[in-house]
file target-v7.tsv (TSV, C-alpha atoms)
chain	number	residue	atom	x	y	z
A	170	MET	CA	18.09	-26.34	16.16
A	171	LEU	CA	20.40	-23.64	17.46
A	172	VAL	CA	21.51	-22.58	14.00
A	173	ALA	CA	17.90	-22.43	12.79
A	174	LEU	CA	16.91	-20.29	15.78
A	175	PHE	CA	19.78	-17.85	15.32
A	176	THR	CA	19.04	-17.59	11.60
A	177	ILE	CA	15.42	-16.66	12.27
A	178	LEU	CA	16.42	-14.15	14.96
A	179	ILE	CA	19.07	-12.49	12.82
A	180	LEU	CA	16.75	-12.14	9.85
A	181	GLY	CA	13.94	-10.88	12.06
A	182	GLY	CA	11.57	-13.74	11.39
A	183	GLY	CA	11.06	-16.02	8.44
A	184	GLY	CA	10.32	-13.29	5.95
A	185	SER	CA	11.13	-9.64	5.77
A	186	GLY	CA	8.67	-8.48	3.13
A	187	MET	CA	7.05	-5.73	5.13
A	188	LEU	CA	4.95	-4.14	2.37
A	189	ASP	CA	4.14	-7.35	0.53
A	190	PHE	CA	0.50	-7.33	1.68
A	191	ILE	CA	-0.22	-4.49	-0.78
A	192	ALA	CA	0.72	-6.70	-3.73
A	193	VAL	CA	-2.10	-9.18	-3.10
A	194	THR	CA	-5.04	-6.82	-3.39
A	195	GLN	CA	-6.02	-7.57	-7.01
A	196	ASP	CA	-9.39	-8.99	-6.01
A	197	ASP	CA	-10.22	-5.88	-3.97
A	198	VAL	CA	-9.16	-3.66	-6.87
A	199	LYS	CA	-11.37	-5.64	-9.25
A	200	ALA	CA	-14.29	-5.33	-6.84
A	201	VAL	CA	-13.85	-1.57	-6.42
A	202	MET	CA	-12.85	-0.34	-9.91
A	203	GLU	CA	-14.64	-0.38	-13.25
A	204	LYS	CA	-13.03	-2.52	-15.92
A	205	ASP	CA	-11.14	0.16	-17.86
A	206	ASP	CA	-7.62	1.33	-18.76
A	207	ARG	CA	-7.06	2.89	-15.35
A	208	ARG	CA	-7.80	-0.44	-13.65
A	209	LYS	CA	-5.39	-2.09	-16.10
A	210	GLN	CA	-2.65	0.31	-14.94
A	211	VAL	CA	-3.39	-0.39	-11.27
A	212	LEU	CA	-3.28	-4.15	-11.84
A	213	ALA	CA	0.00	-3.76	-13.72
A	214	THR	CA	1.49	-1.95	-10.72
A	215	LEU	CA	0.31	-4.74	-8.41
A	216	LYS	CA	1.82	-7.31	-10.76
A	217	ALA	CA	5.15	-5.46	-10.66
A	218	MET	CA	4.95	-5.42	-6.85
A	219	LYS	CA	4.33	-9.16	-6.78
A	220	LYS	CA	7.33	-9.71	-9.04
A	221	ARG	CA	9.47	-7.64	-6.69
A	222	VAL	CA	8.23	-9.62	-3.67
A	223	THR	CA	9.12	-12.89	-5.42
A	224	ALA	CA	12.62	-11.65	-6.27
A	225	HIS	CA	13.11	-10.45	-2.70
A	226	ASN	CA	11.94	-13.77	-1.23
A	227	LYS	CA	14.40	-15.61	-3.47
A	228	ALA	CA	17.29	-13.40	-2.36
A	229	PHE	CA	16.13	-13.71	1.25
A	230	LYS	CA	16.21	-17.53	1.04
A	231	GLN	CA	19.78	-17.36	-0.25
A	232	THR	CA	20.77	-15.08	2.64
A	233	SER	CA	19.15	-17.55	5.02
A	234	LYS	CA	21.19	-20.41	3.49
A	235	ASP	CA	24.42	-18.36	3.71
A	236	LEU	CA	23.65	-17.59	7.32
A	237	ASP	CA	22.93	-21.24	8.18
A	238	LYS	CA	26.29	-22.17	6.69
A	239	ALA	CA	28.16	-19.37	8.46
A	240	LEU	CA	26.62	-20.14	11.85
A	241	SER	CA	27.37	-23.86	11.48
A	242	THR	CA	31.03	-23.18	10.76
A	243	ASP	CA	31.58	-20.37	13.32
A	244	ALA	CA	32.33	-18.01	10.43
A	245	ASP	CA	32.05	-14.25	10.84
A	246	ILE	CA	28.39	-13.34	10.35
A	247	ASP	CA	28.84	-9.56	10.15
A	248	ALA	CA	29.01	-9.51	6.35
A	249	ILE	CA	25.78	-11.52	6.14
A	250	TRP	CA	24.04	-9.21	8.63
A	251	GLU	CA	25.03	-6.22	6.49
A	252	ALA	CA	23.93	-7.96	3.27
A	253	SER	CA	20.58	-8.73	4.84
A	254	PHE	CA	20.10	-5.10	5.95
A	255	ALA	CA	21.07	-3.79	2.50
A	256	LEU	CA	18.70	-6.24	0.84
A	257	ARG	CA	15.79	-5.11	2.98
A	258	ILE	CA	16.52	-1.40	2.60
A	259	LYS	CA	16.61	-1.73	-1.20
A	260	TYR	CA	13.42	-3.82	-1.17
A	261	ASN	CA	11.57	-1.35	1.04
A	262	GLY	CA	12.64	1.55	-1.20
A	263	ASP	CA	11.41	-0.23	-4.34
A	264	MET	CA	8.13	-1.22	-2.68
A	265	LEU	CA	7.57	2.34	-1.47
A	266	ASP	CA	8.11	3.64	-5.02
A	267	MET	CA	5.41	1.28	-6.26
A	268	ARG	CA	3.12	1.97	-3.31
A	269	PHE	CA	3.13	5.68	-4.13
A	270	GLN	CA	2.71	4.94	-7.83
A	271	LEU	CA	-0.37	2.91	-6.89
A	272	ARG	CA	-1.65	5.71	-4.69
A	273	ASP	CA	-1.38	8.15	-7.61
A	274	GLN	CA	-3.35	5.74	-9.79
A	275	LEU	CA	-6.24	5.47	-7.34
A	276	THR	CA	-8.69	8.01	-6.01
A	277	ARG	CA	-8.94	8.63	-2.27
A	278	ASP	CA	-12.27	6.83	-2.20
A	279	GLU	CA	-10.95	3.77	-4.05
A	280	TRP	CA	-7.91	3.63	-1.77
A	281	GLN	CA	-10.08	3.72	1.32
A	282	GLN	CA	-12.32	0.95	-0.01
A	283	ILE	CA	-9.40	-1.30	-0.96
A	284	PHE	CA	-7.62	-0.87	2.38
A	285	ALA	CA	-10.71	-0.23	4.51
A	286	SER	CA	-10.10	-3.17	6.85
A	287	GLU	CA	-6.68	-1.85	7.83
A	288	GLN	CA	-7.59	1.66	8.87
A	289	ALA	CA	-6.80	2.65	12.46
B	159	MET	CA	-26.50	-31.99	-4.08
B	160	VAL	CA	-26.18	-28.21	-4.57
B	161	LYS	CA	-29.95	-27.91	-4.88
B	162	TRP	CA	-30.41	-29.97	-1.73
B	163	LEU	CA	-28.00	-27.73	0.19
B	164	GLY	CA	-29.72	-24.66	-1.22
B	165	ASN	CA	-33.00	-25.83	0.30
B	166	TRP	CA	-31.51	-25.81	3.79
B	167	ASN	CA	-33.03	-23.43	6.29
B	168	PRO	CA	-30.71	-20.47	7.14
B	169	VAL	CA	-31.01	-21.45	10.80
B	170	LEU	CA	-29.65	-24.88	9.93
B	171	TRP	CA	-26.75	-23.25	8.07
B	172	CYS	CA	-25.92	-21.12	11.11
B	173	ALA	CA	-26.07	-24.16	13.39
B	174	MET	CA	-23.81	-26.10	11.01
B	175	ILE	CA	-21.26	-23.26	10.88
B	176	ALA	CA	-21.32	-22.93	14.68
B	177	ILE	CA	-20.64	-26.68	15.03
B	178	MET	CA	-17.74	-26.48	12.55
B	179	VAL	CA	-16.20	-23.45	14.30
B	180	THR	CA	-16.48	-25.16	17.69
B	181	ALA	CA	-14.90	-28.32	16.30
B	182	CYS	CA	-11.99	-26.33	14.84
B	183	ALA	CA	-11.50	-24.45	18.11
B	184	GLY	CA	-11.38	-27.79	19.93
B	185	THR	CA	-8.45	-28.97	17.85
B	186	GLY	CA	-6.56	-25.70	18.33
B	187	ASP	CA	-6.03	-25.96	22.08
B	188	VAL	CA	-2.25	-26.12	21.61
B	189	THR	CA	-1.10	-22.60	20.75
B	190	SER	CA	2.07	-21.68	18.88
B	191	ALA	CA	3.37	-20.30	22.19
B	192	ASP	CA	2.88	-23.75	23.76
B	193	VAL	CA	4.75	-25.36	20.89
B	194	GLU	CA	7.61	-22.88	21.22
B	195	ASN	CA	7.81	-23.37	24.98
B	196	GLN	CA	8.01	-27.14	24.44
B	197	ALA	CA	10.66	-26.69	21.76
B	198	PHE	CA	12.87	-24.61	24.07
B	199	GLU	CA	12.31	-27.17	26.84
B	200	ASP	CA	13.39	-29.94	24.43
B	201	LEU	CA	16.47	-27.87	23.61
B	202	ARG	CA	17.33	-27.51	27.31
B	203	ASN	CA	16.95	-31.27	27.77
B	204	GLU	CA	19.23	-31.92	24.82
B	205	ILE	CA	21.87	-29.62	26.31
B	206	ARG	CA	21.57	-31.44	29.65
B	207	ALA	CA	22.12	-34.72	27.83
B	208	VAL	CA	25.02	-33.54	25.70
B	209	VAL	CA	27.09	-31.07	27.76
B	210	ALA	CA	29.18	-32.99	30.27
B	211	ASP	CA	30.59	-30.11	32.31
B	212	PRO	CA	28.02	-28.82	34.89
B	213	ALA	CA	29.23	-25.20	34.80
B	214	ARG	CA	29.08	-25.03	30.99
B	215	GLU	CA	25.72	-26.82	31.03
B	216	THR	CA	24.26	-24.22	33.42
B	217	GLU	CA	25.60	-21.40	31.28
B	218	ALA	CA	24.26	-22.94	28.05
B	219	ILE	CA	20.83	-23.40	29.61
B	220	ARG	CA	20.84	-19.80	30.83
B	221	LEU	CA	21.63	-18.69	27.27
B	222	VAL	CA	18.70	-20.70	25.91
B	223	GLY	CA	16.55	-18.63	28.27
B	224	VAL	CA	18.01	-15.46	26.73
B	225	LEU	CA	17.32	-16.82	23.26
B	226	GLN	CA	13.73	-17.68	24.20
B	227	LYS	CA	13.20	-14.16	25.58
B	228	ASP	CA	14.59	-12.71	22.33
B	229	PHE	CA	12.01	-14.72	20.40
B	230	GLU	CA	9.16	-13.51	22.55
B	231	THR	CA	10.33	-9.93	21.98
B	232	LEU	CA	10.64	-10.56	18.22
B	233	HIS	CA	7.09	-11.93	18.06
B	234	SER	CA	5.62	-8.91	19.76
B	235	THR	CA	7.80	-6.47	17.76
B	236	ILE	CA	6.66	-8.00	14.46
B	237	ALA	CA	3.00	-8.01	15.51
B	238	THR	CA	3.15	-4.33	16.50
B	239	ARG	CA	5.03	-3.21	13.40
B	240	THR	CA	2.68	-5.12	11.07
B	241	ILE	CA	-0.36	-3.36	12.52
B	242	ARG	CA	1.35	0.05	12.35
B	243	LEU	CA	2.55	-0.48	8.79
B	244	ARG	CA	-0.94	-1.47	7.64
B	245	GLU	CA	-2.39	1.59	9.36
B	246	LEU	CA	0.17	3.86	7.68
B	247	ASN	CA	-0.62	2.31	4.32
B	248	ALA	CA	-4.38	2.57	4.77
B	249	ASP	CA	-4.11	6.33	5.28
B	250	TYR	CA	-4.22	7.96	1.85
B	251	ASP	CA	-2.40	11.02	3.22
B	252	THR	CA	0.61	9.25	4.74
B	253	SER	CA	3.71	10.85	3.29
B	254	ARG	CA	6.76	9.00	2.04
B	255	ALA	CA	8.74	10.65	4.84
B	256	ASP	CA	6.39	9.07	7.41
B	257	PHE	CA	6.98	5.64	5.89
B	258	GLU	CA	10.72	6.16	5.69
B	259	ALA	CA	10.90	7.27	9.32
B	260	PHE	CA	8.96	4.19	10.42
B	261	LEU	CA	11.07	1.81	8.30
B	262	ALA	CA	14.24	3.48	9.61
B	263	SER	CA	13.07	2.80	13.17
B	264	ILE	CA	12.61	-0.89	12.24
B	265	GLU	CA	16.16	-0.98	10.86
B	266	ALA	CA	17.44	0.59	14.05
B	267	GLN	CA	15.67	-2.13	16.07
B	268	ALA	CA	17.23	-4.79	13.82
B	269	ARG	CA	20.70	-3.34	14.39
B	270	GLU	CA	20.12	-3.34	18.14
B	271	ARG	CA	18.95	-6.96	17.91
B	272	ARG	CA	22.13	-7.72	15.98
B	273	GLN	CA	24.24	-6.76	18.98
B	274	ASN	CA	22.19	-8.87	21.39
B	275	VAL	CA	22.02	-11.91	19.10
B	276	THR	CA	25.73	-11.76	18.34
B	277	ALA	CA	26.53	-11.61	22.06
B	278	THR	CA	24.29	-14.64	22.79
B	279	HIS	CA	25.76	-16.53	19.86
B	280	GLN	CA	29.34	-15.85	20.96
B	281	ALA	CA	28.50	-16.87	24.53
B	282	LEU	CA	26.98	-20.16	23.32
B	283	LEU	CA	30.06	-20.82	21.21
B	284	ALA	CA	32.11	-20.39	24.37
B	285	ALA	CA	29.81	-22.52	26.54
B	286	MET	CA	29.82	-25.61	24.31
B	287	THR	CA	32.47	-27.47	22.36
B	288	ALA	CA	32.07	-27.74	18.59
B	289	GLU	CA	31.10	-31.41	19.00
B	290	GLU	CA	28.45	-30.58	21.61
B	291	ARG	CA	27.01	-27.80	19.48
B	292	SER	CA	26.87	-30.08	16.49
B	293	GLN	CA	25.00	-32.71	18.51
B	294	VAL	CA	22.53	-30.17	19.91
B	295	ASP	CA	22.00	-28.71	16.47
B	296	LYS	CA	21.16	-32.10	15.00
B	297	SER	CA	18.50	-32.79	17.61
B	298	ARG	CA	15.06	-32.06	16.21
B	299	SER	CA	12.04	-33.11	18.22
B	300	ARG	CA	8.53	-32.77	16.83
B	301	ALA	CA	8.04	-29.62	18.94
B	302	ILE	CA	11.29	-28.13	17.69
B	303	ASN	CA	10.38	-28.72	14.05
B	304	ALA	CA	6.90	-27.26	14.61
B	305	ALA	CA	8.35	-24.24	16.43
B	306	ILE	CA	10.88	-23.57	13.66
B	307	LYS	CA	8.08	-23.67	11.07
B	308	SER	CA	5.96	-21.38	13.21
B	309	MET	CA	8.85	-18.95	13.72
B	310	GLN	CA	9.67	-18.94	10.02
B	311	SER	CA	6.16	-17.74	9.33
B	312	ILE	CA	6.37	-14.66	11.57
call {"tool": "encode", "arguments": {"input": "target-v7.tsv", "output": "structure tokens"}}
result
Amino acid sequence: MLVALFTILILGGGGSGMLDFIAVTQDDVKAVMEKDDRRKQVLATLKAMKKRVTAHNKAFKQTSKDLDKALSTDADIDAIWEASFALRIKYNGDMLDMRFQLRDQLTRDEWQQIFASEQA
Amino acid sequence: MVKWLGNWNPVLWCAMIAIMVTACAGTGDVTSADVENQAFEDLRNEIRAVVADPARETEAIRLVGVLQKDFETLHSTIATRTIRLRELNADYDTSRADFEAFLASIEAQARERRQNVTATHQALLAAMTAEERSQVDKSRSRAINAAIKSMQSI
């Protein structure tokens, strides 16, 4: 119990994919865009984002396992903290690259329709 | 069957949906906060059962309180940041610098949490023997398992 709680706290919850919600908007894209080459490009970007999310989740699970092990054996957890930060920073950078690629592929109007429910 | 359902009056459909929603709400009386509170209570009970020394027991239970508070803070931090991140994304004009500044602030919060969590962890190591910690760690009530699942989804 204790180890599980500390692991969740250290990793900041069960998952750290902060921009992963963008990757699951294929249905909205299909509803908003005509079926053409531009839509193909947008869907390809979303597919790449999904792939990146999957890879990140896999690495995150490994970090979680390493942390469980370290906490159970009183090992130094600093290295795992740092690895988890580095993992997330790299992931966020990659996801931002793809987010802005997606933005360039969509018009302002399309963007607003796809993400309409999340506007402030 | 489909044809039969299609012949239903819209009013009947609305009534049916209302009944289903009410039924679902009735089964959801126990919130995730309730489950987590019970899990931390179970953890305190386990510590009371396992730690023989009263002074160390009191200290360990105090630290569980700190841990519980950290979780409450984490929940609210994640909820706030999720909303903000979705708002930033929804705005077509948000610059990369705006995103980077926001994500940097999240990293700064995580580093601050690191210090607090490490301090609590070290204090718990000091408050319990390895054997006691192992026993406490093995204890998994239904509430604890449910709370861990709920926390892993945040």
call {"tool": "interface_residues", "arguments": {"input": "target-v7.tsv", "of": "chain A", "to": "chain B", "cutoff": "9 Å", "atoms": "all atoms listed in the file", "output": "ChimeraX atom specification"}}
result
/A:170-175,177-184,187-188,190-191,240-241,243,246,250,254,257-258,261-262,265-266,268-269,272,277,280-281,283-289
call {"tool": "residues_near_point", "arguments": {"input": "target-v7.tsv", "point": "(24.2, -12.2, 0.8)", "cutoff": "9 Å", "atoms": "only C-alpha atoms", "output": "list in words"}}
result
Ala228, Phe229, Gln231, Thr232, Ser233, Asp235, Leu236, Ala248, Ile249, Trp250, Glu251, Ala252, Ser253 and Leu256 of chain A
call {"tool": "closest_residue", "arguments": {"input": "target-v7.tsv", "among": "A:Asp263, A:Asp245, A:Val198, A:His225", "to": "Asp278 (chain A)", "atoms": "all atoms listed in the file"}}
result
A:Val198
call {"tool": "atom_distance", "arguments": {"input": "target-v7.tsv", "atom1": "CA of Thr287 (chain B)", "atom2": "CA of Ala301 (chain B)"}}
result
24.8 Å
call {"tool": "closest_residue", "arguments": {"input": "target-v7.tsv", "among": "A:Asp196, A:Gln282, A:Arg208, A:Asp189", "to": "Asn226 (chain A)", "atoms": "all atoms listed in the file"}}
result
A:Asp189
call {"tool": "closest_residue", "arguments": {"input": "target-v7.tsv", "among": "B:Ala255, B:Ser263, B:Val188, B:Ala281", "to": "Ile219 (chain B)", "atoms": "all atoms listed in the file"}}
result
B:Ala281
call {"tool": "atom_distance", "arguments": {"input": "target-v7.tsv", "atom1": "CA of Thr214 (chain A)", "atom2": "CA of Gln270 (chain A)"}}
result
7.6 Å
call {"tool": "atom_distance", "arguments": {"input": "target-v7.tsv", "atom1": "CA of Asp192 (chain B)", "atom2": "CA of Pro212 (chain B)"}}
result
28.0 Å
call {"tool": "decode", "arguments": {"input": "target-v7.tsv", "residues": "region 218-236 of chain B", "atoms": "N, CA and C atoms", "output": "tab-separated table (two decimals), in the first residue's frame"}}
result
chain	number	residue	atom	x	y	z
B	218	ALA	N	3.95	7.45	12.76
B	218	ALA	CA	3.58	6.85	11.46
B	218	ALA	C	2.16	7.28	11.06
B	219	ILE	N	1.28	7.32	12.04
B	219	ILE	CA	-0.11	7.72	11.72
B	219	ILE	C	-0.17	9.20	11.33
B	220	ARG	N	0.64	10.00	11.98
B	220	ARG	CA	0.71	11.43	11.60
B	220	ARG	C	1.18	11.55	10.14
B	221	LEU	N	2.17	10.74	9.78
B	221	LEU	CA	2.71	10.79	8.42
B	221	LEU	C	1.69	10.31	7.37
B	222	VAL	N	0.84	9.39	7.76
B	222	VAL	CA	-0.24	8.97	6.83
B	222	VAL	C	-1.16	10.16	6.57
B	223	GLY	N	-1.37	10.97	7.59
B	223	GLY	CA	-2.17	12.20	7.43
B	223	GLY	C	-1.52	13.15	6.42
B	224	VAL	N	-0.19	13.25	6.51
B	224	VAL	CA	0.56	14.11	5.56
B	224	VAL	C	0.39	13.56	4.14
B	225	LEU	N	0.53	12.25	4.04
B	225	LEU	CA	0.40	11.58	2.74
B	225	LEU	C	-0.99	11.80	2.14
B	226	GLN	N	-2.00	11.68	3.00
B	226	GLN	CA	-3.38	11.87	2.54
B	226	GLN	C	-3.58	13.31	2.04
B	227	LYS	N	-3.02	14.26	2.76
B	227	LYS	CA	-3.12	15.67	2.38
B	227	LYS	C	-2.44	15.88	1.02
B	228	ASP	N	-1.28	15.24	0.84
B	228	ASP	CA	-0.55	15.35	-0.43
B	228	ASP	C	-1.41	14.84	-1.59
B	229	PHE	N	-2.17	13.78	-1.33
B	229	PHE	CA	-3.03	13.24	-2.38
B	229	PHE	C	-4.17	14.19	-2.72
B	230	GLU	N	-4.73	14.79	-1.70
B	230	GLU	CA	-5.82	15.74	-1.95
B	230	GLU	C	-5.30	16.91	-2.80
B	231	THR	N	-4.09	17.37	-2.44
B	231	THR	CA	-3.48	18.47	-3.21
B	231	THR	C	-3.23	18.03	-4.65
B	232	LEU	N	-2.71	16.80	-4.81
B	232	LEU	CA	-2.41	16.29	-6.15
B	232	LEU	C	-3.68	16.21	-7.01
B	233	HIS	N	-4.75	15.73	-6.41
B	233	HIS	CA	-6.04	15.65	-7.13
B	233	HIS	C	-6.44	17.03	-7.66
B	234	SER	N	-6.41	18.00	-6.76
B	234	SER	CA	-6.88	19.33	-7.18
B	234	SER	C	-5.92	19.97	-8.17
B	235	THR	N	-4.60	19.72	-8.00
B	235	THR	CA	-3.61	20.25	-8.95
B	235	THR	C	-3.84	19.69	-10.35
B	236	ILE	N	-4.07	18.38	-10.41
B	236	ILE	CA	-4.26	17.74	-11.72
B	236	ILE	C	-5.55	18.22	-12.38
